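Next comes protein29.txt, a file with compact mmCIF, C-alpha atoms.
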# COMPACT_ATOMS: atom_id res chain seq x y z
CA MET A 1 0.00 0.00 0.00
CA LYS A 2 1.31 3.45 -0.93
CA VAL A 3 0.68 5.92 1.90
CA CYS A 4 1.50 9.62 1.86
CA ILE A 5 1.89 11.48 5.18
CA VAL A 6 1.00 15.16 4.73
CA SER A 7 2.99 17.19 7.26
CA LEU A 8 3.93 20.63 5.98
CA ASN A 9 5.93 21.66 9.06
CA ILE A 10 7.93 18.48 9.65
CA VAL A 11 11.29 19.53 8.15
CA PRO A 12 12.59 21.15 11.39
CA LEU A 13 12.09 17.83 13.20
CA PHE A 14 14.96 16.44 11.15
CA GLY A 15 17.03 19.55 10.52
CA GLY A 16 16.65 21.67 13.66
CA GLY A 17 14.09 24.41 14.35
CA GLN A 18 10.56 24.65 15.64
CA PHE A 19 8.16 21.72 15.46
CA GLY A 20 5.36 20.31 17.57
CA GLY A 21 3.60 17.13 18.58
CA ALA A 22 1.86 16.83 15.20
CA GLU A 23 5.22 16.51 13.47
CA VAL A 24 6.49 13.99 16.02
CA GLN A 25 3.44 11.83 15.41
CA ALA A 26 3.63 12.19 11.61
CA ASN A 27 7.15 10.81 11.79
CA PHE A 28 6.05 8.00 14.12
CA VAL A 29 3.19 6.96 11.81
CA GLY A 30 5.48 7.03 8.79
CA ARG A 31 8.14 4.91 10.48
CA ALA A 32 5.56 2.50 11.91
CA LEU A 33 3.95 2.01 8.50
CA ALA A 34 7.33 1.50 6.84
CA ALA A 35 8.21 -1.09 9.50
CA CYS A 36 5.05 -2.93 8.44
CA GLY A 37 6.23 -3.07 4.84
CA GLN A 38 4.18 -0.16 3.44
CA HIS A 39 5.51 2.34 0.89
CA VAL A 40 5.64 5.69 2.70
CA SER A 41 6.19 9.17 1.25
CA MET A 42 5.67 12.67 2.64
CA VAL A 43 4.37 16.03 1.44
CA VAL A 44 6.22 18.84 3.25
CA SER A 45 7.12 22.49 2.83
CA ASN A 46 10.39 24.45 2.99
CA LEU A 47 12.47 21.41 2.11
CA PRO A 48 16.13 22.45 1.64
CA GLN A 49 17.15 19.14 0.08
CA PRO A 50 15.34 15.79 -0.33
CA ASP A 51 17.64 13.70 1.84
CA VAL A 52 16.70 15.72 4.96
CA ILE A 53 13.57 13.54 5.22
CA PRO A 54 14.01 9.77 5.76
CA PHE A 55 11.20 9.06 3.27
CA PRO A 56 10.64 10.09 -0.36
CA ALA A 57 9.61 13.72 0.11
CA HIS A 58 7.65 16.08 -2.15
CA ASN A 59 8.10 19.78 -1.41
CA ALA A 60 4.86 21.74 -1.71
CA PHE A 61 6.24 25.27 -1.48
CA ASP A 62 8.79 27.63 0.03
CA SER A 63 6.93 29.90 2.45
CA SER A 64 9.20 32.86 1.61
CA GLN A 65 8.01 32.88 -1.99
CA GLY A 66 4.91 34.46 -3.49
CA VAL A 67 3.26 37.88 -3.51
CA ARG A 68 1.72 39.03 -0.25
CA GLY A 69 -2.05 38.69 -0.40
CA LEU A 70 -1.83 36.15 -3.22
CA ARG A 71 0.70 33.61 -1.90
CA PHE A 72 -2.05 31.48 -0.33
CA PHE A 73 -3.26 30.67 -3.85
CA HIS A 74 0.24 30.49 -5.36
CA PRO A 75 2.54 28.93 -4.43
CA ARG A 76 0.74 27.38 -1.43
CA TRP A 77 -2.55 26.06 -2.82
CA THR A 78 -1.05 25.18 -6.19
CA GLY A 79 2.08 23.79 -4.57
CA VAL A 80 0.21 21.50 -2.17
CA MET A 81 -1.95 20.16 -4.98
CA SER A 82 1.08 19.53 -7.17
CA ALA A 83 2.98 17.77 -4.37
CA LEU A 84 0.00 15.56 -3.54
CA GLU A 85 -0.25 14.56 -7.18
CA ARG A 86 3.48 13.82 -7.41
CA ALA A 87 3.24 11.57 -4.35
CA ASN A 88 0.74 9.41 -6.27
CA ALA A 89 -0.29 7.47 -3.16
CA GLU A 90 -3.39 5.38 -2.54
CA VAL A 91 -3.98 6.71 0.98
CA TYR A 92 -3.23 10.22 2.26
CA PHE A 93 -2.99 10.80 6.01
CA GLN A 94 -2.95 14.28 7.54
CA HIS A 95 -2.77 15.00 11.27
CA CYS A 96 -4.09 18.05 13.20
CA PRO A 97 -6.36 20.89 12.01
CA GLY A 98 -5.53 23.51 9.42
CA MET A 99 -6.13 24.70 5.88
CA VAL A 100 -4.09 21.76 4.55
CA THR A 101 -6.87 19.44 5.77
CA GLY A 102 -9.21 20.98 3.22
CA LEU A 103 -6.65 21.04 0.42
CA THR A 104 -5.77 17.38 0.92
CA ALA A 105 -9.43 16.40 1.05
CA ARG A 106 -10.16 18.28 -2.17
CA TYR A 107 -7.29 16.62 -4.02
CA CYS A 108 -8.33 13.16 -2.82
CA ARG A 109 -11.96 13.73 -3.81
CA ARG A 110 -11.00 14.77 -7.30
CA ALA A 111 -8.35 12.08 -7.78
CA GLY A 112 -10.26 9.17 -6.26
CA LYS A 113 -7.81 8.71 -3.40
CA VAL A 114 -8.46 7.80 0.23
CA PHE A 115 -8.10 10.66 2.73
CA VAL A 116 -7.76 9.93 6.46
CA TYR A 117 -7.77 12.73 9.01
CA GLY A 118 -5.89 12.15 12.28
CA ALA A 119 -7.23 14.10 15.25
CA GLY A 120 -4.72 15.95 17.40
CA SER A 121 -6.90 17.39 20.16
CA ASP A 122 -10.23 16.80 21.87
CA ALA A 123 -11.26 20.18 20.43
CA ASP A 124 -10.81 19.14 16.78
CA PHE A 125 -14.46 18.19 16.42
CA SER A 126 -15.87 21.17 18.33
CA PRO A 127 -17.36 24.24 16.59
CA HIS A 128 -14.19 26.15 17.50
CA PRO A 129 -11.16 23.89 16.96
CA VAL A 130 -7.96 24.92 18.70
CA GLY A 131 -5.20 26.20 16.45
CA VAL A 132 -7.29 27.21 13.41
CA HIS A 133 -7.35 30.98 12.92
CA GLY A 134 -9.16 33.05 10.31
CA MET A 135 -12.40 32.34 8.49
CA ARG A 136 -10.65 31.02 5.37
CA ASP A 137 -8.71 28.33 7.26
CA LYS A 138 -11.73 27.42 9.38
CA LEU A 139 -13.85 26.89 6.27
CA LEU A 140 -11.17 24.78 4.63
CA PHE A 141 -10.70 22.68 7.76
CA GLY A 142 -14.47 22.16 8.05
CA TYR A 143 -14.64 21.11 4.42
CA GLY A 144 -11.77 18.67 4.99
CA LEU A 145 -13.56 16.98 7.88
CA ASN A 146 -16.74 16.64 5.84
CA ALA A 147 -14.90 15.27 2.81
CA CYS A 148 -12.58 12.75 4.45
CA ASP A 149 -13.05 8.99 4.15
CA GLY A 150 -12.23 8.13 7.75
CA PHE A 151 -10.88 9.38 11.05
CA VAL A 152 -8.09 8.19 13.29
CA VAL A 153 -8.89 9.50 16.78
CA GLN A 154 -6.67 9.36 19.84
CA ASN A 155 -9.20 8.51 22.53
CA GLU A 156 -12.85 7.77 23.26
CA VAL A 157 -13.68 11.44 23.92
CA GLN A 158 -12.68 12.25 20.36
CA ARG A 159 -14.55 9.27 18.97
CA THR A 160 -17.75 10.37 20.71
CA ALA A 161 -17.36 13.96 19.50
CA ALA A 162 -16.67 12.84 15.93
CA GLN A 163 -19.61 10.43 15.87
CA LYS A 164 -21.98 13.26 16.84
CA ARG A 165 -21.03 15.16 13.67
CA PHE A 166 -19.91 12.60 11.11
CA ASP A 167 -21.11 9.24 9.87
CA ARG A 168 -17.70 7.97 8.81
CA PRO A 169 -15.48 5.02 9.66
CA MET A 170 -13.22 5.84 12.58
CA ARG A 171 -10.62 4.00 14.58
CA VAL A 172 -9.16 4.81 17.99
CA ILE A 173 -5.36 4.59 17.66
CA PRO A 174 -3.46 6.37 20.42
CA THR A 175 -0.33 8.41 20.07
CA GLY A 176 2.76 6.21 19.74
CA ILE A 177 6.44 6.27 20.64
CA TRP A 178 9.59 4.20 20.02
CA PRO A 179 10.55 2.56 23.34
CA ILE A 180 14.01 3.27 24.68
CA GLU A 181 16.16 0.56 26.18
CA ASP A 182 18.10 2.43 28.88
CA ALA A 183 15.71 4.55 30.95
CA ALA A 184 17.48 6.09 33.95
CA ASP A 185 16.23 6.00 37.55
CA SER A 186 16.34 9.60 38.85
CA GLN A 187 13.58 10.20 41.38
CA GLY A 188 15.59 13.07 42.89
CA GLY A 189 15.43 15.16 39.70
CA ALA A 190 13.29 18.08 38.63
CA VAL A 191 9.55 18.41 38.06
CA VAL A 192 9.13 19.05 34.31
CA TRP A 193 6.46 20.72 32.13
CA ILE A 194 6.48 20.52 28.31
CA GLY A 195 4.43 22.54 25.84
CA GLY A 196 3.68 25.84 24.13
CA MET A 197 2.70 28.66 26.46
CA TRP A 198 -0.92 28.97 25.38
CA LYS A 199 -3.94 29.73 27.52
CA ILE A 200 -5.30 26.18 27.19
CA LYS A 201 -1.92 24.83 28.41
CA ARG A 202 -2.09 27.00 31.56
CA PRO A 203 1.66 27.33 32.28
CA GLY A 204 0.82 29.72 35.11
CA LEU A 205 -0.43 26.78 37.14
CA PHE A 206 2.98 25.14 36.79
CA LEU A 207 4.56 28.28 38.24
CA GLU A 208 2.06 28.17 41.08
CA LEU A 209 3.16 24.62 41.85
CA ALA A 210 6.76 25.81 41.99
CA ARG A 211 5.77 28.56 44.40
CA ARG A 212 3.99 26.03 46.64
CA ILE A 213 6.91 23.55 46.58
CA PRO A 214 9.96 25.83 46.92
CA HIS A 215 12.41 23.06 47.87
CA ARG A 216 11.97 21.27 44.50
CA ARG A 217 13.44 22.21 41.13
CA PHE A 218 10.99 22.93 38.29
CA GLN A 219 11.92 23.00 34.61
CA LEU A 220 9.72 24.32 31.81
CA ILE A 221 10.38 23.18 28.23
CA GLY A 222 8.85 25.13 25.36
CA ASP A 223 8.29 28.60 24.00
CA GLY A 224 5.79 30.52 21.92
CA GLY A 225 2.14 31.13 22.66
CA ASP A 226 0.05 34.02 23.94
CA LEU A 227 1.36 33.61 27.50
CA GLU A 228 5.09 33.38 26.74
CA ALA A 229 6.04 36.84 28.00
CA GLU A 230 3.88 36.49 31.10
CA THR A 231 5.27 33.03 31.86
CA ARG A 232 8.88 34.14 31.46
CA ALA A 233 8.31 37.11 33.74
CA GLY A 234 6.68 34.89 36.36
CA ALA A 235 9.49 32.32 36.19
CA LYS A 236 12.13 35.00 36.83
CA ARG A 237 10.48 35.75 40.17
CA LEU A 238 10.89 32.14 41.36
CA HIS A 239 14.31 30.87 42.42
CA ASN A 240 13.44 27.21 41.73
CA VAL A 241 12.17 27.53 38.13
CA GLU A 242 14.35 27.14 35.06
CA MET A 243 13.07 28.11 31.62
CA LEU A 244 14.75 25.80 29.11
CA GLY A 245 13.01 27.12 26.01
CA ARG A 246 12.38 25.04 22.94
CA LEU A 247 14.61 21.96 22.79
CA GLY A 248 15.38 19.35 20.16
CA ARG A 249 14.31 15.76 20.64
CA GLU A 250 17.68 14.63 22.00
CA ASP A 251 17.81 17.49 24.48
CA VAL A 252 14.27 16.74 25.69
CA ASP A 253 15.34 13.15 26.25
CA ARG A 254 18.34 14.32 28.28
CA VAL A 255 16.11 16.46 30.51
CA LEU A 256 13.63 13.65 31.06
CA ARG A 257 16.42 11.19 31.79
CA ARG A 258 17.34 13.32 34.82
CA ALA A 259 13.77 14.29 35.81
CA ALA A 260 11.59 12.91 38.59
CA LEU A 261 8.08 13.63 37.32
CA LEU A 262 6.08 15.25 34.50
CA VAL A 263 3.27 17.72 35.16
CA ASN A 264 0.49 18.58 32.69
CA THR A 265 -1.78 21.55 33.43
CA SER A 266 -3.80 21.76 30.17
CA SER A 267 -7.53 22.33 30.13
CA VAL A 268 -7.87 20.51 26.76
CA GLU A 269 -5.76 17.66 25.42
CA GLY A 270 -5.81 14.82 22.93
CA PHE A 271 -3.11 12.32 23.74
CA PRO A 272 0.00 14.34 24.64
CA ASN A 273 3.34 13.18 23.29
CA ALA A 274 4.78 14.38 26.58
CA PHE A 275 2.89 11.65 28.47
CA LEU A 276 4.53 8.95 26.38
CA GLU A 277 7.92 10.61 26.58
CA ALA A 278 7.65 10.64 30.37
CA TRP A 279 6.51 7.00 30.60
CA ASN A 280 9.27 6.04 28.16
CA HIS A 281 11.68 7.24 30.86
CA GLY A 282 9.74 5.60 33.68
CA LEU A 283 8.38 8.92 35.00
CA PRO A 284 4.98 9.46 36.65
CA VAL A 285 2.55 11.90 35.00
CA VAL A 286 0.54 14.20 37.27
CA THR A 287 -2.30 15.93 35.42
CA PHE A 288 -5.78 17.40 35.62
CA ARG A 289 -7.00 15.28 32.71
CA ASP A 290 -6.73 11.52 32.26
CA ILE A 291 -6.85 9.87 28.82
CA ASP A 292 -9.44 7.09 28.68
CA GLY A 293 -8.63 6.27 32.32
CA ILE A 294 -5.09 5.14 31.44
CA ILE A 295 -3.23 6.96 34.20
CA GLN A 296 -5.47 5.73 36.97
CA GLY A 297 -6.11 2.31 35.43
CA ALA A 298 -2.44 1.53 34.83
CA ASP A 299 -1.30 3.43 37.94
CA VAL A 300 1.36 5.43 36.13
CA GLY A 301 0.75 8.79 37.77
CA ALA A 302 -2.08 10.76 39.34
CA VAL A 303 -5.13 12.75 38.21
CA CYS A 304 -5.95 15.80 40.34
CA SER A 305 -8.96 18.09 40.58
CA SER A 306 -7.30 21.24 41.98
CA ILE A 307 -3.95 22.97 42.24
CA GLU A 308 -3.94 22.26 45.97
CA GLU A 309 -4.41 18.54 45.39
CA MET A 310 -1.75 18.55 42.68
CA ALA A 311 0.84 20.19 44.94
CA ASP A 312 0.11 17.74 47.75
CA THR A 313 0.20 14.77 45.34
CA ILE A 314 3.57 15.79 43.90
CA GLN A 315 5.17 16.15 47.32
CA THR A 316 3.74 12.88 48.59
CA MET A 317 4.69 10.96 45.45
CA LEU A 318 8.27 12.25 45.33
CA ASP A 319 8.80 11.27 48.96
CA ASP A 320 7.62 7.69 48.33
CA VAL A 321 10.59 5.87 46.75
CA ALA A 322 8.79 2.51 46.62
CA ARG A 323 5.83 4.01 44.76
CA LEU A 324 8.10 5.76 42.26
CA ARG A 325 9.89 2.52 41.51
CA GLY A 326 6.57 0.74 41.02
CA ILE A 327 5.36 3.43 38.63
CA ARG A 328 8.65 3.22 36.75
CA GLY A 329 8.21 -0.48 36.02
CA ARG A 330 4.55 -0.11 35.04
CA ALA A 331 5.24 2.92 32.80
CA LEU A 332 8.01 1.19 30.86
CA ALA A 333 5.82 -1.88 30.36
CA LEU A 334 2.86 0.28 29.30
CA VAL A 335 4.88 1.91 26.51
CA ARG A 336 6.07 -1.43 25.15
CA GLU A 337 2.69 -3.16 25.36
CA ARG A 338 0.35 -0.39 24.09
CA TYR A 339 2.20 2.40 22.30
CA SER A 340 5.10 0.87 20.41
CA PRO A 341 5.25 0.79 16.58
CA GLN A 342 4.98 -3.01 16.71
CA VAL A 343 1.56 -2.60 18.33
CA LEU A 344 0.19 0.50 16.58
CA GLY A 345 1.66 0.10 13.08
CA PRO A 346 -0.54 -2.90 12.20
CA GLN A 347 -3.60 -0.99 13.44
CA TYR A 348 -2.94 1.82 10.96
CA VAL A 349 -2.34 -0.68 8.16
CA GLU A 350 -5.57 -2.55 8.90
CA PHE A 351 -7.70 0.63 9.01
CA PHE A 352 -6.15 2.17 5.90
CA GLU A 353 -6.60 -1.10 4.01
CA GLU A 354 -10.26 -1.28 5.03
CA LEU A 355 -10.86 2.25 3.76
CA ARG A 356 -8.97 1.58 0.54
CA GLN A 357 -10.98 -1.54 -0.20
CA SER A 358 -14.24 0.17 0.70
CA THR A 359 -13.47 3.09 -1.62
CA ASP A 360 -12.48 0.76 -4.46
CA THR A 361 -15.71 -1.21 -4.05
CA SER A 362 -17.83 1.96 -3.99
CA ALA A 363 -16.15 3.33 -7.11
CA MET A 364 -16.67 0.08 -9.00
CA GLY A 365 -20.29 -0.08 -7.99
CA ALA A 366 -20.87 3.47 -9.13
CA GLY A 367 -19.02 2.90 -12.41
CA VAL A 368 -16.54 5.71 -11.74
CA VAL A 369 -12.91 5.94 -10.75
CA THR A 370 -12.92 9.46 -9.26
CA ARG A 371 -15.13 11.32 -6.86
CA SER A 372 -16.02 14.90 -7.78
CA VAL A 373 -16.82 17.54 -5.21
Please go through the file and, once you have read it, give me the structure as structure tokens.
Amino acid sequence: MKVCIVSLNIVPLFGGGQFGGAEVQANFVGRALAACGQHVSMVVSNLPQPDVIPFPAHNAFDSSQGVRGLRFFHPRWTGVMSALERANAEVYFQHCPGMVTGLTARYCRRAGKVFVYGAGSDADFSPHPVGVHGMRDKLLFGYGLNACDGFVVQNEVQRTAAQKRFDRPMRVIPTGIWPIEDAADSQGGAVVWIGGMWKIKRPGLFLELARRIPHRRFQLIGDGGDLEAETRAGAKRLHNVEMLGRLGREDVDRVLRRAALLVNTSSVEGFPNAFLEAWNHGLPVVTFRDIDGIIQGADVGAVCSSIEEMADTIQTMLDDVARLRGIRGRALALVRERYSPQVLGPQYVEFFEELRQSTDTSAMGAGVVTRSV
């Protein structure tokens, strides 16, 4: 099966620069599919040279080119369509909301290809999805959702939300990660927070935890967002907080290798990469939001209902060496048994194959080979 992963912002993941969880997961899905024997390619943007990407890559456009006010149509719209055509895949997979969702859906409709949308947040199927700005992009994203052939959702909350709006095949496949073999044991390390400094991420609550637990070190990884300046100013007033900024994957791993615990303060989530990164290092996750009951069910952290409870939980957990060691063993096993490419790759292959066969059967029955909008 020929599968194209559409991830316009993935180049910095391989060459240095800014990227997010969507790009990490696009790379994971591509590698997991390739490990299952599928032919994987990518559609990207701002590609300096093809060998930067470990898959056959088709560059859609250079974002510095084009005339202001018109560059959305050319080279971006035209470039994306051309790159999708050059990929010549059977299945196109695109993760997280944006205008590219609509462009990919339109190409697949016209070319008779299968388009699968991968949800990135519990808010993707709400009337106001997080991360989509401007009426044009919102309309294109909405069109993309309506025109796709199937959904990959990260959890049951997303499945329920999607089913309320769309009568399409969907499969729950959680975020994945490549297990590491040499996780360190460092319960005396720092309390870590990872993410962009947006209102929904609530980094201010992490600073409040640091204020309430002054004898512990707190490290914040990430930058950008509408609260960046406020968060940096607040961190400077606390002696036990270190702002590490945006880090590459290897540097994040080094921080987590020496950490004691991961904190998540978001009001809305999907399936955070940071959870898996923490469990991959044997770290507990303390959060306000569980994901399908995994944290409590597998006992790999704690779910809290208030900042007071979270502060108390962190202090109690970090003082309990036996509990930390138990969580470490369960977290490492959880990653291997549920979130590895060996487990999740075949699930993607099975779902994509079902959609491909279903589309082929529908086209044959209708006597057509393409689907017009």
With all atoms listed in the file as the basis for distance, which of A:Arg211, A:Arg330, A:Lys138, A:Arg356 is at the shortest distance from A:Gly297?
A:Arg330
In Å, rounded to a single decimal, give me how far atom CA of A:Asn273 is from atom CA of A:Asp149.
25.5 Å
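Counting all atoms listed in the file, the residue from A:Leu276, A:Ala260, A:Leu13, A:Leu227 that sits nearest to A:Val191 is A:Ala260.
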Would you please work out which residue, of A:Ile177, A:Gly102, A:Gly188, A:Arg171, is nearest to A:Val321 when using all atoms listed in the file?
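Among the listed residues, A:Gly188 lies closest to A:Val321.
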Check which residues of stretch 115-197 of chain A sit at most 9 Å from stretch 341-355 of chain A using all atoms listed in the file, and return one row each with the closest pair of atoms and their distance in Å to one decimal, ordered by chain and rising number, as CSV.
residue,atom,partner,partner_atom,distance
A:Phe115,CA,A:Leu355,CA,8.9
A:Val116,CA,A:Phe352,CA,7.9
A:Asp149,CA,A:Leu355,CA,7.1
A:Gly150,CA,A:Leu355,CA,7.2
A:Val152,CA,A:Tyr348,CA,8.5
A:Pro169,CA,A:Leu355,CA,8.0
A:Met170,CA,A:Phe351,CA,8.4
A:Arg171,CA,A:Phe351,CA,7.1
A:Ile173,CA,A:Leu344,CA,7.0
A:Pro174,CA,A:Leu344,CA,7.9
A:Thr175,CA,A:Leu344,CA,8.7
A:Gly176,CA,A:Pro341,CA,6.7
A:Ile177,CA,A:Pro341,CA,6.9
A:Trp178,CA,A:Pro341,CA,6.5
A:Pro179,CA,A:Pro341,CA,8.8
Spatial neighbours of A:Ile221, max dist 12 Å, all atoms listed in the file, sep filter under 4 positions, as a ChimeraX atom specification
/A:190-197,203,206,228,231-232,241-249,251-256,262-264,274
Counting all atoms listed in the file, which residues come within 12 Å of (-11.1, 18.4, -4.2), with the point read in the file's coordinates, and could you list them as a count of residues only?
31
Which of these residues is nearest to A:Ala311, using all atoms listed in the file: A:Ala333, A:Ala233, A:Leu207, A:Ala278?
A:Leu207
Which protein, DNA or RNA residues are at most 12 Å from (5.3, 11.0, 38.6) in the file's coordinates when you count only C-alpha atoms, listed as an MDAnalysis selection string?
chainID A and resid 186:193 256 259:264 275 278:279 281:287 295 299:303 310 313:321 323:328 330:331
Calculate, to one decimal in Å, the centre and edge lengths of the box along x, y and z of the file that holds all listed atoms of stretch 205-222 of chain A with 6 Å of margin on each side, and present them as AutoDock Vina command-line options.
--center_x 6.5 --center_y 24.9 --center_z 36.6 --size_x 25.9 --size_y 19.3 --size_z 34.5
Using all atoms listed in the file for the distances, tell me which of A:Val153, A:Phe218, A:Cys96, A:Asp167 is nearest to A:Pro129.
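Closest to A:Pro129, using all atoms listed in the file: A:Cys96.
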Work out how far apart atom CA of A:Gly234 and atom CA of A:Gly204 are and give it in Å to one decimal.
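If I compute the distance from atom CA of A:Gly234 to atom CA of A:Gly204, I get 7.9 Å.
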So how far away is atom CA of A:Lys2 from atom CA of A:Asn88, in Å?
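It comes out at 8.0 Å.
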Counting all atoms listed in the file, which of A:Phe141, A:Phe61, A:Tyr92, A:Phe73 gets nearest to A:His39?
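Residue with the minimum atom-to-atom distance to A:His39: A:Tyr92.
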List the spatial neighbours of A:Arg86 as a list in words - criterion: any atom at most 10 Å away, only C-alpha atoms, same-chain residues fewer than 6 positions off excluded.
Val43, Ala57, His58, Asn59, Ala60 and Val80 of chain A
Excluding A:Ser121 and residues on its chain fewer than 4 positions from it, collect all residues at most 9 Å away from it, counting all atoms listed in the file, and give them as a list of chain:residue names.
A:Cys96, A:Pro97, A:Phe125, A:Pro129, A:Val130, A:Val153, A:Gln154, A:Gln158, A:Val268, A:Glu269, A:Gly270, A:Phe271, A:Pro272
